[in-house]
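Text of the file upload10.txt, holding compact mmCIF, C-alpha atoms:
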```txt
# COMPACT_ATOMS: atom_id res chain seq x y z
CA MET A 82 -57.90 -62.86 -2.61
CA GLY A 83 -59.16 -63.02 -6.19
CA PHE A 84 -61.21 -65.69 -7.84
CA VAL A 85 -60.28 -69.31 -7.18
CA SER A 86 -61.51 -72.18 -9.33
CA ARG A 87 -62.97 -74.46 -6.67
CA GLY A 88 -61.13 -77.75 -6.55
CA PHE A 89 -58.47 -76.83 -9.12
CA LYS A 90 -54.94 -77.78 -8.19
CA GLY A 91 -53.08 -77.75 -11.48
CA ARG A 92 -49.54 -78.68 -12.27
CA ARG A 93 -46.79 -76.47 -10.97
CA ARG A 94 -43.79 -75.91 -13.14
CA ASP A 95 -40.34 -76.26 -11.72
CA ALA A 96 -38.65 -72.94 -11.08
CA ALA A 97 -36.12 -73.41 -13.89
CA SER A 98 -38.70 -73.72 -16.66
CA SER A 99 -41.08 -71.28 -14.97
CA SER A 100 -38.83 -68.32 -15.73
CA ARG A 101 -38.81 -69.35 -19.40
CA VAL A 102 -42.57 -69.81 -19.86
CA PRO A 103 -44.68 -66.69 -20.49
CA PRO A 104 -47.98 -66.13 -18.68
CA GLY A 105 -50.84 -68.43 -19.70
CA GLN A 106 -48.54 -70.89 -21.48
CA TYR A 107 -47.80 -74.57 -20.75
CA VAL A 108 -44.84 -76.65 -21.86
CA VAL A 109 -45.20 -79.43 -24.43
CA THR A 110 -42.65 -81.99 -25.52
CA ASP A 111 -44.21 -82.83 -28.90
CA PHE A 112 -44.64 -80.30 -31.70
CA PRO A 113 -48.30 -79.43 -32.37
CA VAL A 114 -49.35 -78.33 -35.85
CA LEU A 115 -51.59 -75.33 -36.50
CA SER A 116 -52.46 -73.70 -39.78
CA ALA A 117 -55.51 -72.15 -41.36
CA GLY A 118 -55.66 -74.24 -44.52
CA PRO A 119 -54.14 -77.16 -46.40
CA THR A 120 -50.39 -77.72 -46.35
CA PRO A 121 -48.97 -76.47 -49.67
CA ARG A 122 -46.72 -78.78 -51.65
CA VAL A 123 -43.72 -76.72 -52.67
CA ASN A 124 -41.71 -77.33 -55.84
CA LEU A 125 -38.10 -76.51 -54.97
CA ASP A 126 -37.18 -76.01 -58.63
CA GLN A 127 -39.48 -72.99 -58.69
CA TRP A 128 -38.89 -71.83 -55.11
CA THR A 129 -37.39 -68.41 -54.52
CA PHE A 130 -36.98 -66.17 -51.51
CA THR A 131 -37.46 -62.47 -52.18
CA ILE A 132 -36.90 -59.20 -50.37
CA GLU A 133 -38.99 -56.52 -52.06
CA GLY A 134 -40.91 -53.31 -51.47
CA GLU A 135 -38.93 -50.34 -50.13
CA ILE A 136 -35.64 -51.44 -51.64
CA ASP A 137 -33.80 -50.17 -54.73
CA GLU A 138 -33.47 -53.59 -56.33
CA PRO A 139 -35.41 -56.58 -55.03
CA ARG A 140 -33.14 -59.37 -53.78
CA ARG A 141 -34.00 -62.89 -54.84
CA TRP A 142 -32.47 -66.27 -54.12
CA THR A 143 -33.21 -69.63 -55.70
CA TRP A 144 -33.28 -72.72 -53.49
CA LYS A 145 -29.70 -73.55 -54.46
CA GLU A 146 -28.51 -70.01 -53.81
CA PHE A 147 -30.32 -69.91 -50.50
CA GLN A 148 -28.73 -73.15 -49.36
CA ALA A 149 -25.31 -71.67 -50.16
CA LEU A 150 -25.81 -68.69 -47.82
CA PRO A 151 -23.98 -68.80 -44.48
CA ALA A 152 -26.20 -70.74 -42.08
CA GLU A 153 -26.60 -70.48 -38.33
CA THR A 154 -27.83 -73.05 -35.86
CA VAL A 155 -29.94 -71.55 -33.09
CA THR A 156 -31.71 -73.07 -30.09
CA LYS A 157 -34.78 -71.14 -28.98
CA ASP A 158 -37.94 -71.43 -26.89
CA ILE A 159 -41.12 -70.97 -28.94
CA HIS A 160 -44.54 -69.87 -27.75
CA CYS A 161 -47.80 -70.50 -29.63
CA VAL A 162 -50.80 -68.25 -28.98
CA THR A 163 -52.89 -71.42 -28.52
CA LYS A 164 -51.04 -71.76 -25.18
CA TRP A 165 -48.27 -74.29 -25.79
CA SER A 166 -44.61 -73.46 -25.42
CA LYS A 167 -41.78 -75.69 -26.53
CA LEU A 168 -38.36 -75.21 -24.99
CA ASP A 169 -34.94 -75.59 -26.62
CA THR A 170 -36.03 -76.05 -30.22
CA ALA A 171 -33.05 -76.34 -32.58
CA TRP A 172 -33.17 -74.73 -36.02
CA LYS A 173 -30.80 -74.16 -38.91
CA GLY A 174 -31.16 -71.38 -41.40
CA VAL A 175 -30.08 -67.93 -42.51
CA SER A 176 -30.41 -64.89 -40.28
CA VAL A 177 -32.52 -62.01 -41.55
CA ASP A 178 -29.51 -59.83 -40.76
CA ALA A 179 -27.51 -61.73 -43.37
CA LEU A 180 -30.31 -61.43 -45.93
CA MET A 181 -30.63 -57.70 -45.25
CA ASP A 182 -26.88 -57.05 -45.21
CA GLY A 183 -26.19 -53.81 -47.08
CA VAL A 184 -29.86 -53.09 -47.81
CA GLU A 185 -30.78 -49.41 -47.61
CA THR A 186 -34.46 -48.97 -46.85
CA ALA A 187 -36.85 -46.31 -45.60
CA ALA A 188 -39.11 -49.05 -44.26
CA ASP A 189 -39.99 -49.46 -40.59
CA TYR A 190 -42.40 -52.36 -41.16
CA THR A 191 -42.50 -55.60 -43.08
CA THR A 192 -44.98 -58.14 -44.35
CA VAL A 193 -43.65 -61.67 -44.40
CA PHE A 194 -45.49 -63.66 -47.09
CA SER A 195 -45.91 -67.35 -47.81
CA ASP A 196 -47.12 -69.94 -50.27
CA GLY A 197 -50.86 -70.28 -49.89
CA GLY A 198 -51.36 -66.56 -49.35
CA TYR A 199 -50.53 -66.36 -45.64
CA THR A 200 -49.06 -63.08 -44.43
CA THR A 201 -47.90 -61.70 -41.10
CA ASN A 202 -46.74 -58.19 -40.25
CA LEU A 203 -43.54 -57.52 -38.33
CA ALA A 204 -41.72 -54.32 -37.43
CA LEU A 205 -38.31 -54.28 -39.10
CA GLU A 206 -36.68 -53.93 -35.69
CA ASP A 207 -38.41 -57.15 -34.60
CA ILE A 208 -36.65 -59.17 -37.29
CA THR A 209 -33.19 -57.57 -37.35
CA GLY A 210 -30.45 -57.46 -34.73
CA GLY A 211 -30.20 -61.22 -34.21
CA LYS A 212 -33.95 -61.77 -33.65
CA ALA A 213 -35.15 -63.65 -36.73
CA TRP A 214 -34.11 -66.37 -39.15
CA VAL A 215 -35.33 -68.06 -42.31
CA VAL A 216 -34.92 -71.74 -41.39
CA TYR A 217 -34.95 -75.03 -43.29
CA GLU A 218 -33.90 -77.58 -40.65
CA PHE A 219 -35.50 -78.58 -37.35
CA ASP A 220 -33.63 -80.88 -34.97
CA GLY A 221 -31.03 -81.62 -37.64
CA GLN A 222 -33.59 -82.78 -40.21
CA PRO A 223 -35.12 -81.04 -43.22
CA LEU A 224 -38.15 -79.11 -42.03
CA HIS A 225 -41.33 -81.17 -42.48
CA PRO A 226 -44.09 -79.59 -44.64
CA GLU A 227 -46.56 -79.70 -41.71
CA HIS A 228 -44.18 -77.50 -39.77
CA GLY A 229 -43.63 -75.10 -42.64
CA GLY A 230 -41.05 -76.89 -44.77
CA PRO A 231 -39.16 -76.48 -46.92
CA VAL A 232 -38.56 -73.05 -45.36
CA ARG A 233 -40.27 -71.14 -42.58
CA PHE A 234 -39.71 -67.88 -40.77
CA LEU A 235 -38.48 -68.00 -37.16
CA VAL A 236 -39.00 -65.04 -34.87
CA PRO A 237 -39.06 -66.75 -31.49
CA HIS A 238 -39.50 -63.72 -29.22
CA LEU A 239 -43.03 -63.23 -30.61
CA TYR A 240 -46.00 -65.65 -30.67
CA PHE A 241 -45.35 -68.38 -33.16
CA TRP A 242 -47.96 -67.31 -35.76
CA LYS A 243 -45.38 -64.62 -36.60
CA SER A 244 -42.97 -67.41 -37.62
CA ALA A 245 -44.71 -67.87 -40.97
CA LYS A 246 -44.67 -71.34 -42.51
CA TRP A 247 -43.84 -71.92 -46.20
CA VAL A 248 -42.26 -68.47 -46.32
CA ARG A 249 -41.37 -66.93 -49.67
CA GLY A 250 -40.24 -63.44 -48.85
CA ILE A 251 -40.20 -60.18 -46.96
CA ARG A 252 -41.91 -57.02 -48.22
CA LEU A 253 -40.39 -53.83 -46.77
CA GLN A 254 -42.99 -51.16 -46.05
CA LYS A 255 -43.19 -47.65 -44.63
CA GLU A 256 -46.50 -48.40 -42.95
CA GLU A 257 -47.83 -51.30 -40.92
CA HIS A 258 -50.32 -53.54 -42.74
CA PRO A 259 -51.94 -56.16 -40.47
CA GLY A 260 -51.39 -59.70 -41.75
CA PHE A 261 -53.69 -62.71 -41.85
CA TRP A 262 -54.22 -63.46 -38.16
CA GLU A 263 -53.66 -59.83 -37.24
CA SER A 264 -56.75 -59.04 -39.35
CA ASN A 265 -58.68 -61.87 -37.72
CA GLY A 266 -58.64 -60.86 -34.09
CA TYR A 267 -55.04 -61.45 -33.12
CA HIS A 268 -52.65 -58.85 -31.73
CA VAL A 269 -50.68 -56.73 -34.17
CA ARG A 270 -47.34 -57.38 -32.40
CA GLY A 271 -47.84 -60.54 -30.31
CA ASP A 272 -45.31 -60.33 -27.47
CA PRO A 273 -45.90 -63.46 -25.33
CA TRP A 274 -44.31 -61.90 -22.23
CA ARG A 275 -46.96 -59.15 -22.34
CA GLU A 276 -49.59 -61.75 -23.26
CA GLN A 277 -50.49 -59.81 -26.41
CA ARG A 278 -52.76 -62.52 -27.82
CA TYR A 279 -55.76 -60.66 -29.19
CA TRP A 280 -56.86 -57.21 -30.32
CA GLY A 281 -56.65 -54.81 -27.40
CA ASP A 282 -54.38 -56.97 -25.21
CA MET B 128 -67.30 -59.89 -35.91
CA ALA B 129 -68.47 -59.28 -32.41
CA ARG B 130 -68.37 -55.58 -31.61
CA ALA B 131 -66.32 -56.13 -28.49
CA ALA B 132 -63.60 -57.83 -30.48
CA LEU B 133 -63.37 -54.83 -32.76
CA LEU B 134 -63.58 -52.20 -30.10
CA GLY B 135 -61.35 -53.29 -27.31
CA ARG B 136 -59.76 -55.90 -25.16
CA LEU B 137 -61.43 -59.26 -24.70
CA GLU B 138 -62.03 -59.08 -20.98
CA TRP B 139 -62.08 -62.10 -18.69
CA GLN B 140 -65.60 -62.78 -17.51
CA PHE B 141 -67.46 -65.41 -15.54
CA GLY B 142 -69.78 -68.11 -16.73
CA THR B 143 -71.77 -70.20 -14.30
CA LEU B 144 -72.17 -73.88 -15.03
CA ALA B 145 -75.90 -74.48 -15.50
CA GLU B 146 -76.03 -77.94 -17.04
CA VAL B 147 -73.76 -80.84 -17.98
CA VAL B 148 -74.70 -83.17 -20.82
CA PRO B 149 -72.54 -86.29 -21.15
CA GLU B 150 -72.03 -86.88 -24.87
CA THR B 151 -69.81 -89.97 -24.77
CA PRO B 152 -67.87 -91.73 -21.98
CA ARG B 153 -65.02 -89.21 -22.41
CA VAL B 154 -66.81 -86.12 -23.68
CA SER B 155 -69.28 -83.77 -21.97
CA SER B 156 -70.99 -80.55 -22.95
CA LEU B 157 -70.88 -77.75 -20.39
CA TYR B 158 -73.75 -75.28 -20.64
CA LEU B 159 -72.81 -71.93 -19.12
CA ASP B 160 -74.80 -68.86 -18.22
CA VAL B 161 -72.60 -65.93 -19.22
CA PRO B 162 -74.45 -62.72 -18.33
CA ASP B 163 -72.23 -60.37 -20.33
CA TRP B 164 -71.69 -62.61 -23.34
CA GLN B 165 -71.31 -60.36 -26.41
CA GLY B 166 -72.26 -63.00 -28.95
CA HIS B 167 -70.13 -65.07 -31.30
CA LEU B 168 -69.92 -66.52 -34.78
CA ALA B 169 -70.27 -70.24 -35.44
CA GLY B 170 -66.77 -71.74 -35.40
CA GLN B 171 -65.15 -69.40 -32.88
CA HIS B 172 -63.57 -70.44 -29.58
CA VAL B 173 -63.01 -69.14 -26.06
CA ASP B 174 -60.07 -69.14 -23.70
CA VAL B 175 -60.73 -70.72 -20.30
CA ARG B 176 -58.60 -69.83 -17.28
CA LEU B 177 -58.40 -71.84 -14.06
CA THR B 178 -56.90 -70.39 -10.89
CA ALA B 179 -55.63 -72.45 -7.92
CA ASP B 180 -55.75 -71.12 -4.36
CA ASP B 181 -52.08 -70.10 -4.49
CA GLY B 182 -52.66 -68.03 -7.62
CA TYR B 183 -51.32 -70.59 -10.11
CA GLN B 184 -53.22 -70.34 -13.38
CA ALA B 185 -53.71 -72.54 -16.43
CA GLU B 186 -55.31 -71.45 -19.70
CA ARG B 187 -56.65 -73.48 -22.61
CA SER B 188 -58.78 -72.80 -25.69
CA TYR B 189 -62.08 -74.58 -26.38
CA SER B 190 -64.34 -74.37 -29.39
CA ILE B 191 -67.84 -73.08 -28.84
CA ALA B 192 -70.47 -75.74 -29.53
CA SER B 193 -73.61 -73.62 -29.20
CA ALA B 194 -75.14 -71.54 -31.95
CA PRO B 195 -75.00 -67.76 -31.65
CA GLU B 196 -78.78 -67.89 -31.09
CA ASP B 197 -78.67 -70.27 -28.12
CA HIS B 198 -79.28 -68.66 -24.75
CA ARG B 199 -76.46 -70.57 -23.06
CA LEU B 200 -72.85 -70.84 -24.13
CA ALA B 201 -71.93 -74.49 -24.65
CA LEU B 202 -68.41 -75.93 -24.61
CA THR B 203 -67.95 -79.58 -25.46
CA VAL B 204 -64.83 -80.91 -23.79
CA GLU B 205 -62.98 -84.19 -24.26
CA ARG B 206 -61.39 -85.43 -21.06
CA LEU B 207 -57.71 -86.12 -21.70
CA GLU B 208 -56.46 -88.29 -18.86
CA ASP B 209 -53.02 -86.71 -18.85
CA GLY B 210 -54.42 -83.21 -19.32
CA GLU B 211 -54.32 -80.42 -16.79
CA VAL B 212 -57.53 -78.54 -17.55
CA SER B 213 -59.93 -80.98 -19.24
CA PRO B 214 -60.09 -83.45 -16.26
CA TYR B 215 -61.12 -80.47 -14.14
CA LEU B 216 -63.80 -79.32 -16.59
CA VAL B 217 -65.09 -82.87 -17.10
CA GLY B 218 -65.07 -84.35 -13.62
CA GLU B 219 -64.54 -81.62 -11.04
CA LEU B 220 -66.58 -78.62 -12.18
CA ARG B 221 -70.11 -78.75 -10.71
CA ILE B 222 -73.42 -77.06 -11.40
CA GLY B 223 -73.27 -73.56 -9.93
CA ASP B 224 -69.47 -73.29 -10.12
CA ARG B 225 -68.07 -70.27 -11.87
CA LEU B 226 -65.67 -70.58 -14.78
CA GLU B 227 -63.48 -67.75 -15.99
CA LEU B 228 -63.38 -67.27 -19.76
CA ARG B 229 -62.89 -64.72 -22.50
CA GLY B 230 -63.89 -64.62 -26.11
CA PRO B 231 -65.07 -65.04 -28.75
CA ILE B 232 -61.76 -65.61 -30.52
CA GLY B 233 -60.89 -66.27 -34.16
CA GLY B 234 -62.28 -64.59 -37.25
CA TYR B 235 -61.34 -67.09 -39.95
CA PHE B 236 -62.72 -70.55 -39.15
CA VAL B 237 -66.27 -69.18 -39.09
CA TRP B 238 -69.46 -69.74 -41.02
CA ARG B 239 -71.86 -66.82 -40.93
CA GLY B 240 -75.04 -68.51 -42.08
CA ASP B 241 -75.92 -66.36 -45.09
CA GLU B 242 -73.65 -68.25 -47.51
CA GLN B 243 -75.33 -69.83 -50.52
CA ARG B 244 -72.55 -72.19 -51.50
CA PRO B 245 -72.75 -75.84 -50.40
CA LEU B 246 -71.29 -76.42 -46.96
CA LEU B 247 -68.97 -79.39 -46.46
CA LEU B 248 -67.96 -80.15 -42.87
CA VAL B 249 -65.42 -82.87 -42.12
CA GLY B 250 -64.81 -83.64 -38.47
CA GLY B 251 -62.67 -86.11 -36.58
CA GLY B 252 -63.54 -86.88 -32.95
CA SER B 253 -64.01 -83.76 -30.85
CA GLY B 254 -63.09 -81.76 -33.96
CA VAL B 255 -66.83 -81.89 -34.62
CA VAL B 256 -67.47 -79.26 -31.94
CA PRO B 257 -67.08 -76.03 -33.98
CA LEU B 258 -68.83 -77.77 -36.89
CA MET B 259 -71.77 -78.48 -34.60
CA SER B 260 -72.02 -74.78 -33.82
CA MET B 261 -72.31 -74.20 -37.57
CA LEU B 262 -75.03 -76.85 -37.98
CA ARG B 263 -77.00 -75.51 -35.02
CA HIS B 264 -76.67 -71.99 -36.45
CA ARG B 265 -77.75 -73.27 -39.86
CA ALA B 266 -80.91 -74.74 -38.36
CA HIS B 267 -81.67 -71.51 -36.50
CA VAL B 268 -81.31 -69.25 -39.53
CA GLY B 269 -82.97 -71.67 -41.93
CA ASN B 270 -80.12 -71.64 -44.44
CA ARG B 271 -81.24 -73.85 -47.35
CA ALA B 272 -77.90 -74.28 -49.10
CA PRO B 273 -77.06 -77.99 -49.09
CA ALA B 274 -74.83 -79.13 -46.24
CA ARG B 275 -73.02 -82.36 -45.48
CA LEU B 276 -71.18 -83.47 -42.39
CA LEU B 277 -68.69 -86.32 -42.70
CA PHE B 278 -67.89 -87.33 -39.14
CA SER B 279 -65.15 -89.80 -38.23
CA SER B 280 -65.30 -91.47 -34.80
CA ARG B 281 -63.50 -94.45 -33.34
CA THR B 282 -66.56 -96.43 -32.25
CA LEU B 283 -70.30 -95.91 -32.15
CA ALA B 284 -70.06 -95.09 -28.44
CA ASP B 285 -67.56 -92.32 -29.29
CA VAL B 286 -69.93 -90.49 -31.65
CA ILE B 287 -70.49 -87.05 -30.12
CA TYR B 288 -73.97 -85.46 -30.58
CA ARG B 289 -75.25 -88.63 -32.24
CA GLU B 290 -78.95 -88.21 -31.48
CA GLU B 291 -78.97 -84.48 -32.13
CA LEU B 292 -77.25 -85.03 -35.47
CA GLU B 293 -79.94 -87.57 -36.37
CA ARG B 294 -82.64 -85.06 -35.47
CA LEU B 295 -80.96 -82.26 -37.42
CA ALA B 296 -80.54 -84.46 -40.49
CA ALA B 297 -84.19 -85.46 -40.27
CA SER B 298 -85.49 -81.93 -39.82
CA ALA B 299 -83.11 -79.39 -41.28
CA LEU B 300 -83.60 -79.07 -44.99
CA GLY B 301 -80.74 -80.19 -47.13
CA LEU B 302 -78.49 -81.58 -44.40
CA GLN B 303 -76.91 -85.00 -44.74
CA VAL B 304 -74.86 -86.55 -41.95
CA LEU B 305 -72.47 -89.35 -42.86
CA HIS B 306 -70.56 -91.27 -40.25
CA THR B 307 -67.45 -93.37 -40.48
CA LEU B 308 -66.15 -95.57 -37.66
CA THR B 309 -62.45 -96.37 -37.65
CA ARG B 310 -62.29 -99.05 -34.97
CA GLU B 311 -65.46 -101.10 -35.10
CA LYS B 312 -68.26 -102.26 -37.35
CA PRO B 313 -71.41 -102.66 -35.26
CA ALA B 314 -74.11 -105.08 -36.38
CA GLY B 315 -76.50 -103.39 -38.78
CA TRP B 316 -74.19 -100.41 -39.31
CA THR B 317 -74.77 -98.77 -42.68
CA GLY B 318 -72.15 -96.02 -42.49
CA TYR B 319 -68.51 -96.19 -43.49
CA THR B 320 -66.02 -98.22 -41.46
CA ARG B 321 -62.59 -96.90 -42.36
CA ARG B 322 -60.47 -93.80 -42.18
CA VAL B 323 -61.52 -90.98 -44.49
CA ASP B 324 -59.94 -91.62 -47.89
CA GLU B 325 -60.24 -90.27 -51.40
CA ALA B 326 -62.99 -92.68 -52.45
CA MET B 327 -65.08 -91.61 -49.47
CA LEU B 328 -64.51 -87.92 -50.18
CA ARG B 329 -65.45 -88.44 -53.82
CA GLU B 330 -68.77 -89.88 -52.64
CA VAL B 331 -69.43 -87.25 -49.98
CA ALA B 332 -67.90 -84.01 -51.24
CA TRP B 333 -69.46 -82.00 -54.02
CA PRO B 334 -67.41 -81.78 -57.20
CA ARG B 335 -65.04 -78.83 -57.25
CA GLN B 336 -67.22 -77.05 -59.83
CA ASP B 337 -69.83 -76.64 -57.11
CA ALA B 338 -67.24 -74.73 -55.04
CA PRO B 339 -68.32 -75.81 -51.58
CA ASP B 340 -67.15 -73.97 -48.46
CA VAL B 341 -65.12 -76.60 -46.61
CA PHE B 342 -64.32 -76.73 -42.91
CA VAL B 343 -62.07 -79.50 -41.59
CA CYS B 344 -61.40 -79.96 -37.88
CA GLY B 345 -59.77 -82.77 -35.95
CA PRO B 346 -56.41 -84.19 -34.95
CA THR B 347 -53.49 -83.07 -37.10
CA PRO B 348 -53.01 -86.28 -39.15
CA PHE B 349 -56.75 -86.33 -39.91
CA VAL B 350 -56.81 -82.71 -41.03
CA GLU B 351 -53.60 -83.07 -43.04
CA ALA B 352 -55.00 -86.12 -44.84
CA VAL B 353 -58.45 -84.67 -45.58
CA ALA B 354 -57.23 -81.24 -46.68
CA SER B 355 -54.52 -82.72 -48.91
CA LEU B 356 -56.98 -85.13 -50.52
CA LEU B 357 -59.44 -82.33 -51.25
CA VAL B 358 -56.71 -80.18 -52.81
CA GLY B 359 -55.62 -83.18 -54.85
CA MET B 360 -59.21 -83.54 -56.08
CA GLY B 361 -59.04 -80.01 -57.43
CA HIS B 362 -60.74 -78.04 -54.67
CA ASP B 363 -59.46 -74.50 -54.24
CA ALA B 364 -57.09 -74.48 -51.24
CA ARG B 365 -58.47 -71.07 -50.26
CA SER B 366 -61.95 -72.54 -49.82
CA ILE B 367 -60.69 -75.13 -47.32
CA LYS B 368 -60.48 -73.86 -43.76
CA THR B 369 -58.78 -76.03 -41.19
CA GLU B 370 -58.47 -76.21 -37.45
CA ARG B 371 -56.17 -78.76 -35.84
CA PHE B 372 -55.43 -80.01 -32.39
CA GLY B 373 -52.55 -82.17 -31.33
CA ALA B 374 -52.35 -85.04 -28.91
CA THR B 375 -51.13 -82.67 -26.24
CA GLY B 376 -53.07 -79.97 -24.53
CA GLY B 377 -55.90 -80.84 -22.32
```
Translate the structure described by the file into structure tokens.
Amino acid sequence: MGFVSRGFKGRRRDAASSSRVPPGQYVVTDFPVLSAGPTPRVNLDQWTFTIEGEIDEPRRWTWKEFQALPAETVTKDIHCVTKWSKLDTAWKGVSVDALMDGVETAADYTTVFSDGGYTTNLALEDITGGKAWVVYEFDGQPLHPEHGGPVRFLVPHLYFWKSAKWVRGIRLQKEEHPGFWESNGYHVRGDPWREQRYWGD
Amino acid sequence: MARAALLGRLEWQFGTLAEVVPETPRVSSLYLDVPDWQGHLAGQHVDVRLTADDGYQAERSYSIASAPEDHRLALTVERLEDGEVSPYLVGELRIGDRLELRGPIGGYFVWRGDEQRPLLLVGGGSGVVPLMSMLRHRAHVGNRAPARLLFSSRTLADVIYREELERLAASALGLQVLHTLTREKPAGWTGYTRRVDEAMLREVAWPRQDAPDVFVCGPTPFVEAVASLLVGMGHDARSIKTERFGATGG
């Protein structure tokens, strides 16, 4: 028998949600906000989304062009490294597969970058193959700035800091460059099912 | 950065509760002896893990309240009545009990103590906790750069660390502590009595030319409001570091 916190009972999850909640996480019904600095105010007239780096010609979309891309609606569970998980979150946006359609690249890694200077690193295989989206609606409403609006990244199988708010593009790279939190003590990949929260996990 | 954080995994370790200091009716500071503590920076946090007798575990993060120089690790915890972990920490945990934790965590919302720029701290409720670690550290290292804490509480009885903040402001060179109360105006009160707004920040914050380092911590609407106001007043968004907590958690 390992350590027991004397007198701690805790709340058990029901079996149905238990299988969907990674170790160390608890389920919330609201939508907490976390970010390292002020919420940027984004001017949609000047907004673009760019794919650059290891690509022959960078791809760039204006807000209007981006809105015209084929959209998907996906319902996913999300897991924040600060311990909360939120089940069945509904998003609308464009899949990274659609954005990358036809792109030839020698890259294995990417840096997703945002207004305000935030970056996060992701392996290309973690954002292709139906695993990641660039989303602009949450629960049928335009995405609120606090939650990353007008447009955020969504890569729900990794801790939510990988789902960069206020996203502006993807840089394709041959090598892995740790992003903002990944340079500040957080795990370079961040798989919640392996509880990869911090360096060395 | 703590060496351990650079070199390997943050291992779970035990602290033993040595002292409890009630700060307000809902908030207590837990002073822990952590024999293998590797040190921390002011502003960092720890993960706490509770284990029930059937193996069920719950984890939460808590900001560190103590300075790196203090010989005990202090966590200041607000008891959330519908929470799972905080009612245990503030209410059940007794002197001599062991508490499993790992850290320190977070390399961004930190103040190292050798900065020469003015230091502006804006805290709402228990958001003052990591800011208190910075002020305690500042007193230890004797940093002389001017510092101001603007601290928003609901009522006078809800002001965390009130006496210690008075002592620090009276003794530490160049520190000013300004309070605002959002839900009462006690007789004789000379502080502010409203939510933090632009007029208040214009009085308290240095002008943007002075380029203060700014740390804002509190509930999300508080942090959103304060950070947006400061950006609107011309402060460089990159100099404003924020930490937020929602109504959930616990």
**Exercise answer, chain A residues close to chain B, 10 Å and all atoms listed in the file, as number ranges by chain** = A: 82-94, 104-122, 162-165, 197-198, 227, 261-267, 278-282
Please, could you write that set of residues out with C-alpha atoms as a JSON list (two decimals), in the frame of the given file?
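Result written to result_17.json:
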```
[["chain", "number", "residue", "atom", "x", "y", "z"],
["A", 82, "MET", "CA", -57.90, -62.86, -2.61],
["A", 83, "GLY", "CA", -59.16, -63.02, -6.19],
["A", 84, "PHE", "CA", -61.21, -65.69, -7.84],
["A", 85, "VAL", "CA", -60.28, -69.31, -7.18],
["A", 86, "SER", "CA", -61.51, -72.18, -9.33],
["A", 87, "ARG", "CA", -62.97, -74.46, -6.67],
["A", 88, "GLY", "CA", -61.13, -77.75, -6.55],
["A", 89, "PHE", "CA", -58.47, -76.83, -9.12],
["A", 90, "LYS", "CA", -54.94, -77.78, -8.19],
["A", 91, "GLY", "CA", -53.08, -77.75, -11.48],
["A", 92, "ARG", "CA", -49.54, -78.68, -12.27],
["A", 93, "ARG", "CA", -46.79, -76.47, -10.97],
["A", 94, "ARG", "CA", -43.79, -75.91, -13.14],
["A", 104, "PRO", "CA", -47.98, -66.13, -18.68],
["A", 105, "GLY", "CA", -50.84, -68.43, -19.70],
["A", 106, "GLN", "CA", -48.54, -70.89, -21.48],
["A", 107, "TYR", "CA", -47.80, -74.57, -20.75],
["A", 108, "VAL", "CA", -44.84, -76.65, -21.86],
["A", 109, "VAL", "CA", -45.20, -79.43, -24.43],
["A", 110, "THR", "CA", -42.65, -81.99, -25.52],
["A", 111, "ASP", "CA", -44.21, -82.83, -28.90],
["A", 112, "PHE", "CA", -44.64, -80.30, -31.70],
["A", 113, "PRO", "CA", -48.30, -79.43, -32.37],
["A", 114, "VAL", "CA", -49.35, -78.33, -35.85],
["A", 115, "LEU", "CA", -51.59, -75.33, -36.50],
["A", 116, "SER", "CA", -52.46, -73.70, -39.78],
["A", 117, "ALA", "CA", -55.51, -72.15, -41.36],
["A", 118, "GLY", "CA", -55.66, -74.24, -44.52],
["A", 119, "PRO", "CA", -54.14, -77.16, -46.40],
["A", 120, "THR", "CA", -50.39, -77.72, -46.35],
["A", 121, "PRO", "CA", -48.97, -76.47, -49.67],
["A", 122, "ARG", "CA", -46.72, -78.78, -51.65],
["A", 162, "VAL", "CA", -50.80, -68.25, -28.98],
["A", 163, "THR", "CA", -52.89, -71.42, -28.52],
["A", 164, "LYS", "CA", -51.04, -71.76, -25.18],
["A", 165, "TRP", "CA", -48.27, -74.29, -25.79],
["A", 197, "GLY", "CA", -50.86, -70.28, -49.89],
["A", 198, "GLY", "CA", -51.36, -66.56, -49.35],
["A", 227, "GLU", "CA", -46.56, -79.70, -41.71],
["A", 261, "PHE", "CA", -53.69, -62.71, -41.85],
["A", 262, "TRP", "CA", -54.22, -63.46, -38.16],
["A", 263, "GLU", "CA", -53.66, -59.83, -37.24],
["A", 264, "SER", "CA", -56.75, -59.04, -39.35],
["A", 265, "ASN", "CA", -58.68, -61.87, -37.72],
["A", 266, "GLY", "CA", -58.64, -60.86, -34.09],
["A", 267, "TYR", "CA", -55.04, -61.45, -33.12],
["A", 278, "ARG", "CA", -52.76, -62.52, -27.82],
["A", 279, "TYR", "CA", -55.76, -60.66, -29.19],
["A", 280, "TRP", "CA", -56.86, -57.21, -30.32],
["A", 281, "GLY", "CA", -56.65, -54.81, -27.40],
["A", 282, "ASP", "CA", -54.38, -56.97, -25.21]]
```
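Pairwise distance (CA of His362 (chain B), CA of Phe234 (chain A)) equals 27.2 Å.
Minimum atom-to-atom distance to Pro149 (chain B), evaluated using all atoms listed in the file, belongs to B:Val286 out of B:Leu295, B:Ala169, B:Val304, B:Val286.
In terms of minimum interatomic distance to Leu202 (chain B), B:Ser155 ranks closest within B:Thr309, B:Gln243, B:Gln165, B:Ser155, counting all atoms listed in the file.
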Exercise for the section: For Val249 (chain B), list every protein, DNA or RNA residue within 10 Å, evaluated using all atoms listed in the file, and leave out those in the same chain fewer than 3 positions away; present the list as a list of chain:residue names. Expected result: B:Leu246, B:Gly254, B:Val255, B:Leu258, B:Arg275, B:Leu276, B:Leu277, B:Phe278, B:Ser279, B:Leu305, B:Val323, B:Leu328, B:Val331, B:Ala332, B:Val341, B:Phe342, B:Val343, B:Cys344, B:Gly345, B:Phe349, B:Val350, B:Val353, B:Ala354, B:Thr369
